[in-house]
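Okay, protein.pdb now, which holds PDB, C-alpha atoms:
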```pdb
ATOM      1  CA  MET J   1     -58.846  39.909 -32.068
ATOM      2  CA  ILE J   2     -55.617  41.911 -32.439
ATOM      3  CA  THR J   3     -53.320  40.412 -35.047
ATOM      4  CA  THR J   4     -49.583  40.364 -35.694
ATOM      5  CA  VAL J   5     -50.056  43.470 -37.834
ATOM      6  CA  ASP J   6     -51.293  45.248 -34.700
ATOM      7  CA  LEU J   7     -48.133  44.180 -32.891
ATOM      8  CA  GLU J   8     -46.195  45.791 -35.721
ATOM      9  CA  ASP J   9     -48.218  48.956 -35.171
ATOM     10  CA  LEU J  10     -47.429  48.734 -31.456
ATOM     11  CA  LEU J  11     -43.737  48.444 -32.271
ATOM     12  CA  GLU J  12     -43.962  51.607 -34.365
ATOM     13  CA  GLU J  13     -45.614  53.414 -31.466
ATOM     14  CA  VAL J  14     -42.921  52.198 -29.062
ATOM     15  CA  ASN J  15     -40.205  53.344 -31.475
ATOM     16  CA  ASP J  16     -41.794  56.798 -31.553
ATOM     17  CA  ALA J  17     -42.111  56.819 -27.771
ATOM     18  CA  THR J  18     -38.438  55.914 -27.378
ATOM     19  CA  LYS J  19     -37.439  58.875 -29.549
ATOM     20  CA  LEU J  20     -39.797  61.109 -27.607
ATOM     21  CA  MET J  21     -38.207  60.025 -24.324
ATOM     22  CA  GLN J  22     -34.771  60.947 -25.656
ATOM     23  CA  ARG J  23     -35.909  64.532 -26.211
ATOM     24  CA  SER J  24     -37.810  64.963 -22.938
ATOM     25  CA  LYS J  25     -36.584  65.490 -19.390
ATOM     26  CA  THR J  26     -39.724  63.882 -17.986
ATOM     27  CA  VAL J  27     -42.065  61.098 -19.087
ATOM     28  CA  PRO J  28     -44.492  62.638 -21.618
ATOM     29  CA  GLN J  29     -48.186  61.908 -21.100
ATOM     30  CA  LYS J  30     -48.266  60.211 -24.505
ATOM     31  CA  VAL J  31     -45.712  57.680 -23.240
ATOM     32  CA  VAL J  32     -47.644  57.192 -20.002
ATOM     33  CA  ALA J  33     -50.790  56.380 -21.995
ATOM     34  CA  LEU J  34     -48.897  53.957 -24.190
ATOM     35  CA  ILE J  35     -47.457  52.075 -21.208
ATOM     36  CA  ASP J  36     -50.845  51.980 -19.506
ATOM     37  CA  GLY J  37     -52.146  50.135 -22.547
ATOM     38  CA  PHE J  38     -49.382  47.514 -22.691
ATOM     39  CA  GLY J  39     -51.297  44.965 -20.635
ATOM     40  CA  SER J  40     -54.385  45.060 -22.835
ATOM     41  CA  ALA J  41     -52.339  45.085 -26.053
ATOM     42  CA  LEU J  42     -50.322  42.027 -25.047
ATOM     43  CA  GLN J  43     -53.304  40.152 -23.661
ATOM     44  CA  HIS J  44     -55.187  40.435 -26.949
ATOM     45  CA  GLY J  45     -52.373  40.770 -29.460
ATOM     46  CA  MET J  46     -49.929  37.963 -28.626
ATOM     47  CA  PRO J  47     -49.777  35.053 -31.088
ATOM     48  CA  PRO J  48     -51.515  31.824 -29.983
ATOM     49  CA  ARG J  49     -49.705  29.586 -27.499
ATOM     50  CA  GLY J  50     -47.094  27.510 -29.307
ATOM     51  CA  GLU J  51     -46.605  30.039 -32.107
ATOM     52  CA  ALA J  52     -44.457  32.528 -30.189
ATOM     53  CA  ASP J  53     -41.083  32.066 -28.522
ATOM     54  CA  PRO J  54     -41.942  31.558 -24.817
ATOM     55  CA  TYR J  55     -38.738  33.308 -23.742
ATOM     56  CA  LEU J  56     -39.564  36.395 -25.794
ATOM     57  CA  THR J  57     -43.133  36.348 -24.537
ATOM     58  CA  ALA J  58     -42.000  36.217 -20.905
ATOM     59  CA  ALA J  59     -39.402  38.941 -21.486
ATOM     60  CA  LEU J  60     -41.999  41.176 -23.111
ATOM     61  CA  TRP J  61     -44.378  40.880 -20.151
ATOM     62  CA  GLU J  62     -41.482  41.515 -17.771
ATOM     63  CA  ALA J  63     -40.510  44.690 -19.638
ATOM     64  CA  ALA J  64     -44.129  45.878 -19.635
ATOM     65  CA  TYR J  65     -44.299  45.339 -15.866
ATOM     66  CA  ARG J  66     -41.023  47.222 -15.344
ATOM     67  CA  ALA J  67     -42.303  50.150 -17.402
ATOM     68  CA  GLU J  68     -45.539  50.326 -15.415
ATOM     69  CA  LYS J  69     -43.604  50.070 -12.156
ATOM     70  CA  GLY J  70     -41.306  52.859 -13.287
ATOM     71  CA  LEU J  71     -44.278  55.178 -13.680
ATOM     72  CA  ARG J  72     -44.968  54.906  -9.951
ATOM     73  CA  HIS J  73     -41.817  56.820  -8.969
ATOM     74  CA  ASP J  74     -42.528  60.143  -7.278
ATOM     75  CA  ASN J  75     -39.101  61.418  -8.289
ATOM     76  CA  ALA J  76     -39.215  62.663 -11.895
ATOM     77  CA  TYR J  77     -35.568  61.763 -12.575
ATOM     78  CA  GLU J  78     -35.948  58.194 -11.322
ATOM     79  CA  GLN J  79     -39.251  57.836 -13.155
ATOM     80  CA  ARG J  80     -37.730  58.874 -16.501
ATOM     81  CA  ARG J  81     -34.655  56.692 -15.959
ATOM     82  CA  ASP J  82     -36.576  53.515 -15.125
ATOM     83  CA  VAL J  83     -39.252  54.034 -17.755
ATOM     84  CA  ARG J  84     -36.686  54.700 -20.454
ATOM     85  CA  LEU J  85     -34.738  51.529 -19.639
ATOM     86  CA  ALA J  86     -37.875  49.392 -19.503
ATOM     87  CA  LEU J  87     -39.238  50.912 -22.700
ATOM     88  CA  GLU J  88     -35.998  50.141 -24.522
ATOM     89  CA  GLN J  89     -36.117  46.545 -23.291
ATOM     90  CA  PHE J  90     -39.748  46.289 -24.394
ATOM     91  CA  ARG J  91     -38.857  47.681 -27.821
ATOM     92  CA  HIS J  92     -36.032  45.207 -28.395
ATOM     93  CA  VAL J  93     -38.080  42.181 -27.350
ATOM     94  CA  LEU J  94     -41.167  43.256 -29.307
ATOM     95  CA  ARG J  95     -39.013  43.813 -32.387
ATOM     96  CA  ASP J  96     -37.620  40.288 -32.125
ATOM     97  CA  LEU J  97     -41.081  38.847 -31.555
ATOM     98  CA  VAL J  98     -42.536  40.584 -34.605
ATOM     99  CA  GLU J  99     -39.587  39.614 -36.794
ATOM    100  CA  ASN J 100     -39.830  35.982 -35.657
ATOM    101  CA  GLN J 101     -43.448  35.625 -36.795
ATOM    102  CA  PRO J 102     -42.545  34.299 -40.262
ATOM    103  CA  TYR J 103     -40.648  31.480 -38.498
ATOM    104  CA  ARG J 104     -43.360  30.469 -36.000
ATOM    105  CA  GLU J 105     -44.451  26.871 -35.533
ATOM    106  CA  GLY J 106     -47.480  27.202 -37.780
ATOM    107  CA  ALA J 107     -45.602  28.766 -40.700
ATOM    108  CA  SER J 108     -44.923  26.793 -43.858
ATOM    109  CA  ALA J 109     -41.445  25.242 -43.761
ATOM    110  CA  ARG J 110     -41.135  25.832 -47.499
ATOM    111  CA  ASP J 111     -41.840  29.545 -47.024
ATOM    112  CA  ILE J 112     -39.235  29.699 -44.252
ATOM    113  CA  LEU J 113     -36.746  27.881 -46.456
ATOM    114  CA  ALA J 114     -37.306  30.263 -49.368
ATOM    115  CA  ARG J 115     -36.878  33.265 -47.066
ATOM    116  CA  THR J 116     -33.680  31.820 -45.594
ATOM    117  CA  ALA J 117     -32.223  31.001 -49.016
ATOM    118  CA  GLU J 118     -32.887  34.566 -50.163
ATOM    119  CA  THR J 119     -31.320  36.063 -47.033
ATOM    120  CA  LEU J 120     -28.171  33.931 -47.155
ATOM    121  CA  ALA J 121     -27.736  34.160 -50.934
ATOM    122  CA  ALA J 122     -25.365  31.191 -50.550
ATOM    123  CA  PRO J 123     -24.760  28.258 -52.925
ATOM    124  CA  GLN J 124     -27.384  25.538 -52.621
ATOM    125  CA  LYS J 125     -24.685  23.113 -51.517
ATOM    126  CA  THR J 126     -23.953  25.330 -48.504
ATOM    127  CA  LEU J 127     -27.595  25.663 -47.498
ATOM    128  CA  ALA J 128     -28.149  21.934 -47.985
ATOM    129  CA  GLU J 129     -25.274  21.202 -45.612
ATOM    130  CA  LEU J 130     -26.746  23.502 -42.971
ATOM    131  CA  LEU J 131     -30.014  21.586 -43.288
ATOM    132  CA  GLY J 132     -28.357  18.166 -43.303
ATOM    133  CA  VAL J 133     -29.836  17.124 -46.659
ATOM    134  CA  SER J 134     -28.688  16.581 -50.222
ATOM    135  CA  VAL J 135     -28.724  19.360 -52.800
ATOM    136  CA  ARG J 136     -31.331  17.389 -54.742
ATOM    137  CA  GLN J 137     -33.645  17.281 -51.712
ATOM    138  CA  LEU J 138     -33.177  20.999 -51.181
ATOM    139  CA  GLN J 139     -34.052  21.669 -54.804
ATOM    140  CA  ARG J 140     -37.224  19.587 -54.490
ATOM    141  CA  TRP J 141     -38.337  21.645 -51.506
ATOM    142  CA  LEU J 142     -37.562  24.928 -53.262
ATOM    143  CA  ALA J 143     -39.394  23.961 -56.444
ATOM    144  CA  GLU J 144     -42.651  25.831 -57.062
ATOM    145  CA  ASP J 145     -44.679  22.636 -56.677
ATOM    146  CA  GLY J 146     -42.318  21.058 -54.159
ATOM    147  CA  PRO J 147     -43.463  19.037 -51.132
ATOM    148  CA  GLU J 148     -43.598  20.280 -47.545
ATOM    149  CA  PRO J 149     -40.631  18.924 -45.540
ATOM    150  CA  ALA J 150     -41.289  16.240 -42.925
ATOM    151  CA  ALA J 151     -41.614  17.333 -39.294
ATOM    152  CA  ASP J 152     -37.971  16.702 -38.317
ATOM    153  CA  ASP J 153     -36.671  18.496 -41.397
ATOM    154  CA  ALA J 154     -39.141  21.327 -40.855
ATOM    155  CA  ALA J 155     -37.864  21.843 -37.294
ATOM    156  CA  ARG J 156     -34.283  22.181 -38.525
ATOM    157  CA  ILE J 157     -35.339  24.490 -41.357
ATOM    158  CA  ARG J 158     -37.146  26.686 -38.831
ATOM    159  CA  ALA J 159     -34.141  26.741 -36.479
ATOM    160  CA  VAL J 160     -31.715  27.666 -39.261
ATOM    161  CA  GLY J 161     -34.155  30.300 -40.469
ATOM    162  CA  GLN J 162     -34.473  31.872 -37.029
ATOM    163  CA  VAL J 163     -30.699  31.911 -36.567
ATOM    164  CA  VAL J 164     -30.127  33.480 -39.978
ATOM    165  CA  ASN J 165     -32.893  36.008 -39.293
ATOM    166  CA  GLN J 166     -30.934  37.200 -36.258
ATOM    167  CA  LEU J 167     -27.487  37.039 -37.835
ATOM    168  CA  ARG J 168     -28.524  39.106 -40.873
ATOM    169  CA  HIS J 169     -28.458  42.196 -38.660
ATOM    170  CA  THR J 170     -24.819  41.585 -37.796
ATOM    171  CA  PHE J 171     -23.265  39.726 -40.735
ATOM    172  CA  THR J 172     -23.406  39.548 -44.499
ATOM    173  CA  GLY J 173     -24.658  36.300 -46.046
ATOM    174  CA  PRO J 174     -21.143  34.779 -46.168
ATOM    175  CA  GLY J 175     -20.529  36.008 -42.622
ATOM    176  CA  ALA J 176     -23.686  34.307 -41.383
ATOM    177  CA  VAL J 177     -22.617  31.060 -43.041
ATOM    178  CA  ALA J 178     -19.175  31.336 -41.446
ATOM    179  CA  TRP J 179     -20.823  31.758 -38.017
ATOM    180  CA  PHE J 180     -22.120  28.203 -38.248
ATOM    181  CA  TYR J 181     -18.658  26.789 -38.969
ATOM    182  CA  HIS J 182     -16.564  28.421 -36.252
ATOM    183  CA  PRO J 183     -16.493  27.177 -32.634
ATOM    184  CA  HIS J 184     -18.681  29.449 -30.533
ATOM    185  CA  PRO J 185     -17.178  30.670 -27.222
ATOM    186  CA  VAL J 186     -20.453  30.169 -25.325
ATOM    187  CA  LEU J 187     -21.771  27.072 -27.082
ATOM    188  CA  GLY J 188     -18.372  25.386 -26.834
ATOM    189  CA  GLU J 189     -18.527  23.947 -30.361
ATOM    190  CA  ARG J 190     -19.514  24.782 -33.892
ATOM    191  CA  PRO J 191     -23.160  25.827 -34.263
ATOM    192  CA  LEU J 192     -23.313  23.566 -37.314
ATOM    193  CA  ASP J 193     -22.659  20.522 -35.145
ATOM    194  CA  LEU J 194     -25.522  21.418 -32.803
ATOM    195  CA  LEU J 195     -28.060  21.416 -35.623
ATOM    196  CA  ALA J 196     -28.219  17.627 -35.388
ATOM    197  CA  ASP J 197     -29.835  17.901 -31.934
ATOM    198  CA  PRO J 198     -33.254  19.633 -31.802
ATOM    199  CA  LEU J 199     -32.870  20.059 -28.041
ATOM    200  CA  ARG J 200     -30.019  22.494 -28.717
ATOM    201  CA  TYR J 201     -31.996  24.727 -31.086
ATOM    202  CA  PRO J 202     -33.015  27.231 -28.369
ATOM    203  CA  GLN J 203     -29.337  27.658 -27.431
ATOM    204  CA  LEU J 204     -28.408  28.295 -31.055
ATOM    205  CA  ILE J 205     -31.103  30.906 -31.473
ATOM    206  CA  SER J 206     -30.111  32.592 -28.206
ATOM    207  CA  ALA J 207     -26.465  32.726 -29.314
ATOM    208  CA  ALA J 208     -27.467  34.291 -32.637
ATOM    209  CA  THR J 209     -29.702  36.787 -30.840
ATOM    210  CA  ALA J 210     -26.793  37.703 -28.559
ATOM    211  CA  ALA J 211     -24.624  38.368 -31.616
ATOM    212  CA  ARG J 212     -27.268  40.775 -32.874
ATOM    213  CA  ALA J 213     -27.576  42.486 -29.503
ATOM    214  CA  MET J 214     -23.889  43.419 -29.642
ATOM    215  CA  THR J 215     -24.622  45.711 -32.588
ATOM    216  CA  VAL J 216     -27.647  47.442 -31.075
TER     217      VAL J 216
END
```
As structure tokens - that is how I would like this structure written.
Amino acid sequence: MITTVDLEDLLEEVNDATKLMQRSKTVPQKVVALIDGFGSALQHGMPPRGEADPYLTAALWEAAYRAEKGLRHDNAYEQRRDVRLALEQFRHVLRDLVENQPYREGASARDILARTAETLAAPQKTLAELLGVSVRQLQRWLAEDGPEPAADDAARIRAVGQVVNQLRHTFTGPGAVAWFYHPHPVLGERPLDLLADPLRYPQLISAATAARAMTV
């Protein structure tokens, strides 16, 4: 079975194909072969159901379909245009999917927490507030022999981790922290306040992803 590592290899191939498309006036045969293999690669290489963001998964399949459809153009200009746009969409979504793997449902909440703490490089008091726990509880989780957080805490840790993972491409650690404390124009309130409601986590992650997209 194809693993996440293979998806990383696929992303590298797509990155190379994108650069190749920029230098070519037509769709190179190498790119055609790559797109023809998207269906098989995704069918066998996607993470198990429940471990991948369903929105990213759907967007990836949509981009693959658009790329394959673009190949059917008889006009070389239209073919290159549509394939290039679809390939870029596929690349962005696949990149996000690969980078989200450390934060999937089956990942250890303690590992996610450690990764998030390292990325933010913020005082423990700040991270504890984002997670809605005391500094002492945070320290217990971060300890080498610390316990795994309970399910509700783990869900919030994962959500904060996914948000920070997106924001790190746009902001410094302090900037990412500040993002949580300022009213968001789309969310209508501070992201920090939405962390108390697990039903709002997808909106938070989407808002953070949108912030990243502005820098692409």
(request) Write out as a PyMOL selection string each polymer residue whose atoms come within 9 Å of J:Thr18, counting only C-alpha atoms; drop sequence neighbours fewer than 5 positions from it. (result) chain J and resi 13+31+84+87-88+91
(request) Run the PyMOL selection byres ((chain J and resi 62-75) around 7) on the file and write out the hits as a VMD selection string. (result) chain J and resid 35 to 36 38 58 to 61 76 to 79 82 to 83 86 to 87 89 to 90
(message) For the provided coordinates, the residues matched by the PyMOL selection byres ((chain J and resi 177-189) around 9) should be stated as an MDAnalysis selection string.
(response) chainID J and resid 120 122 126:127 130 164 167 171:176 190:194 203:204 207:208
(message) Could you list, as an MDAnalysis selection string, every residue matched by the PyMOL selection byres ((chain J and resi 125) around 12) in this structure?
(response) chainID J and resid 117 121:124 126:139 177
(message) Considering all atoms listed in the file, can you say which of J:Leu10, J:Ala154, J:Leu195, J:Met21 comes closest to J:Arg104?
(response) J:Ala154
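Atom pair atom CA of J:Glu99 / atom CA of J:Leu113 has a distance of 15.5 Å (rounded to one decimal).
Reported to one decimal place, the separation of atom CA of J:Val163 from atom CA of J:Ala143 is 23.1 Å.
Between atom CA of J:Ala109 and atom CA of J:Ala155 lies a distance of 8.1 Å.
Among J:Glu148, J:Met46, J:Arg80, J:Glu118, the residue with the shortest atom-to-atom distance to J:Gln29, counting all atoms listed in the file, is J:Arg80.
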Centre and size of axis-aligned box enclosing stretch 72-89 of chain J plus 6 Å each side, as lines of an AutoDock Vina configuration file:
```
center_x = -39.8
center_y = 54.6
center_z = -15.9
size_x = 22.3
size_y = 28.1
size_z = 29.2
```
(request) Choose the residue, out of J:Ile205, J:Leu199, J:Leu142, J:Ala107, that has the smallest atom-to-atom separation from J:Val160; count all atoms listed in the file. (result) J:Ile205
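Residue nearest J:Arg158, chosen from J:Asp197, J:Asp145, J:Asp6, J:Glu105 and counting only C-alpha atoms: J:Glu105.
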Dump stretch 60-72 of chain J with all heavy atoms to a file, as a short mmCIF file (atom, residue, chain, number, x, y, z; two decimals), in the first residue's frame.
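The resulting decode.cif:
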```cif
data_model
loop_
_atom_site.label_atom_id
_atom_site.label_comp_id
_atom_site.auth_asym_id
_atom_site.auth_seq_id
_atom_site.Cartn_x
_atom_site.Cartn_y
_atom_site.Cartn_z
N LEU J 60 -8.60 17.68 -3.58
CA LEU J 60 -7.53 17.04 -4.32
C LEU J 60 -8.08 16.23 -5.50
O LEU J 60 -7.57 16.28 -6.62
CB LEU J 60 -6.72 16.14 -3.39
CG LEU J 60 -5.35 15.67 -3.90
CD1 LEU J 60 -4.45 16.86 -4.16
CD2 LEU J 60 -4.71 14.72 -2.90
N TRP J 61 -9.16 15.48 -5.24
CA TRP J 61 -9.79 14.71 -6.32
C TRP J 61 -10.35 15.64 -7.39
O TRP J 61 -10.28 15.36 -8.59
CB TRP J 61 -10.90 13.82 -5.76
CG TRP J 61 -10.41 12.54 -5.19
CD1 TRP J 61 -10.26 12.21 -3.87
CD2 TRP J 61 -9.97 11.38 -5.92
NE1 TRP J 61 -9.78 10.93 -3.74
CE2 TRP J 61 -9.59 10.39 -4.97
CE3 TRP J 61 -9.88 11.09 -7.28
CZ2 TRP J 61 -9.12 9.15 -5.36
CZ3 TRP J 61 -9.40 9.84 -7.66
CH2 TRP J 61 -9.03 8.89 -6.71
N GLU J 62 -10.91 16.77 -6.96
CA GLU J 62 -11.46 17.73 -7.92
C GLU J 62 -10.36 18.29 -8.82
O GLU J 62 -10.53 18.41 -10.04
CB GLU J 62 -12.15 18.88 -7.18
CG GLU J 62 -12.70 19.96 -8.10
CD GLU J 62 -13.24 21.16 -7.36
OE1 GLU J 62 -13.29 21.13 -6.11
OE2 GLU J 62 -13.60 22.14 -8.04
N ALA J 63 -9.21 18.61 -8.22
CA ALA J 63 -8.10 19.16 -8.99
C ALA J 63 -7.56 18.11 -9.97
O ALA J 63 -7.20 18.43 -11.11
CB ALA J 63 -6.99 19.63 -8.07
N ALA J 64 -7.51 16.86 -9.52
CA ALA J 64 -7.04 15.78 -10.40
C ALA J 64 -7.98 15.64 -11.60
O ALA J 64 -7.53 15.47 -12.75
CB ALA J 64 -6.97 14.47 -9.62
N TYR J 65 -9.29 15.72 -11.34
CA TYR J 65 -10.27 15.62 -12.42
C TYR J 65 -10.12 16.79 -13.40
O TYR J 65 -10.17 16.60 -14.62
CB TYR J 65 -11.68 15.59 -11.84
CG TYR J 65 -12.77 15.69 -12.88
CD1 TYR J 65 -13.10 14.60 -13.67
CD2 TYR J 65 -13.47 16.89 -13.08
CE1 TYR J 65 -14.09 14.69 -14.64
CE2 TYR J 65 -14.45 16.99 -14.04
CZ TYR J 65 -14.75 15.89 -14.82
OH TYR J 65 -15.74 15.98 -15.78
N ARG J 66 -9.91 17.98 -12.87
CA ARG J 66 -9.76 19.16 -13.72
C ARG J 66 -8.52 19.04 -14.60
O ARG J 66 -8.53 19.44 -15.77
CB ARG J 66 -9.66 20.42 -12.87
CG ARG J 66 -10.96 20.88 -12.23
CD ARG J 66 -10.76 22.19 -11.50
NE ARG J 66 -10.27 23.23 -12.40
CZ ARG J 66 -9.73 24.38 -11.99
NH1 ARG J 66 -9.58 24.61 -10.70
NH2 ARG J 66 -9.32 25.28 -12.86
N ALA J 67 -7.45 18.50 -14.02
CA ALA J 67 -6.21 18.33 -14.80
C ALA J 67 -6.42 17.33 -15.94
O ALA J 67 -5.99 17.56 -17.08
CB ALA J 67 -5.08 17.87 -13.88
N GLU J 68 -7.09 16.22 -15.63
CA GLU J 68 -7.35 15.21 -16.66
C GLU J 68 -8.28 15.76 -17.75
O GLU J 68 -8.11 15.49 -18.94
CB GLU J 68 -7.97 13.97 -16.01
CG GLU J 68 -7.00 13.21 -15.11
CD GLU J 68 -7.65 12.05 -14.40
OE1 GLU J 68 -8.88 11.88 -14.55
OE2 GLU J 68 -6.93 11.31 -13.70
N LYS J 69 -9.26 16.54 -17.31
CA LYS J 69 -10.19 17.16 -18.27
C LYS J 69 -9.45 18.15 -19.16
O LYS J 69 -9.73 18.26 -20.37
CB LYS J 69 -11.33 17.85 -17.52
CG LYS J 69 -12.40 18.43 -18.43
CD LYS J 69 -13.52 19.06 -17.61
CE LYS J 69 -14.59 19.66 -18.51
NZ LYS J 69 -15.68 20.31 -17.72
N GLY J 70 -8.51 18.87 -18.57
CA GLY J 70 -7.75 19.85 -19.34
C GLY J 70 -6.95 19.21 -20.46
O GLY J 70 -6.74 19.82 -21.52
N LEU J 71 -6.50 17.98 -20.24
CA LEU J 71 -5.73 17.28 -21.26
C LEU J 71 -6.54 16.99 -22.51
O LEU J 71 -5.97 16.76 -23.59
CB LEU J 71 -5.18 15.96 -20.70
CG LEU J 71 -4.07 16.06 -19.65
CD1 LEU J 71 -3.72 14.68 -19.13
CD2 LEU J 71 -2.83 16.74 -20.22
N ARG J 72 -7.86 17.01 -22.41
CA ARG J 72 -8.71 16.64 -23.53
C ARG J 72 -8.88 17.77 -24.55
O ARG J 72 -9.45 17.56 -25.62
CB ARG J 72 -10.09 16.21 -23.03
CG ARG J 72 -10.05 15.01 -22.10
CD ARG J 72 -11.43 14.64 -21.62
NE ARG J 72 -11.38 13.75 -20.46
CZ ARG J 72 -12.27 13.75 -19.48
NH1 ARG J 72 -13.30 14.61 -19.53
NH2 ARG J 72 -12.16 12.91 -18.48
#
```
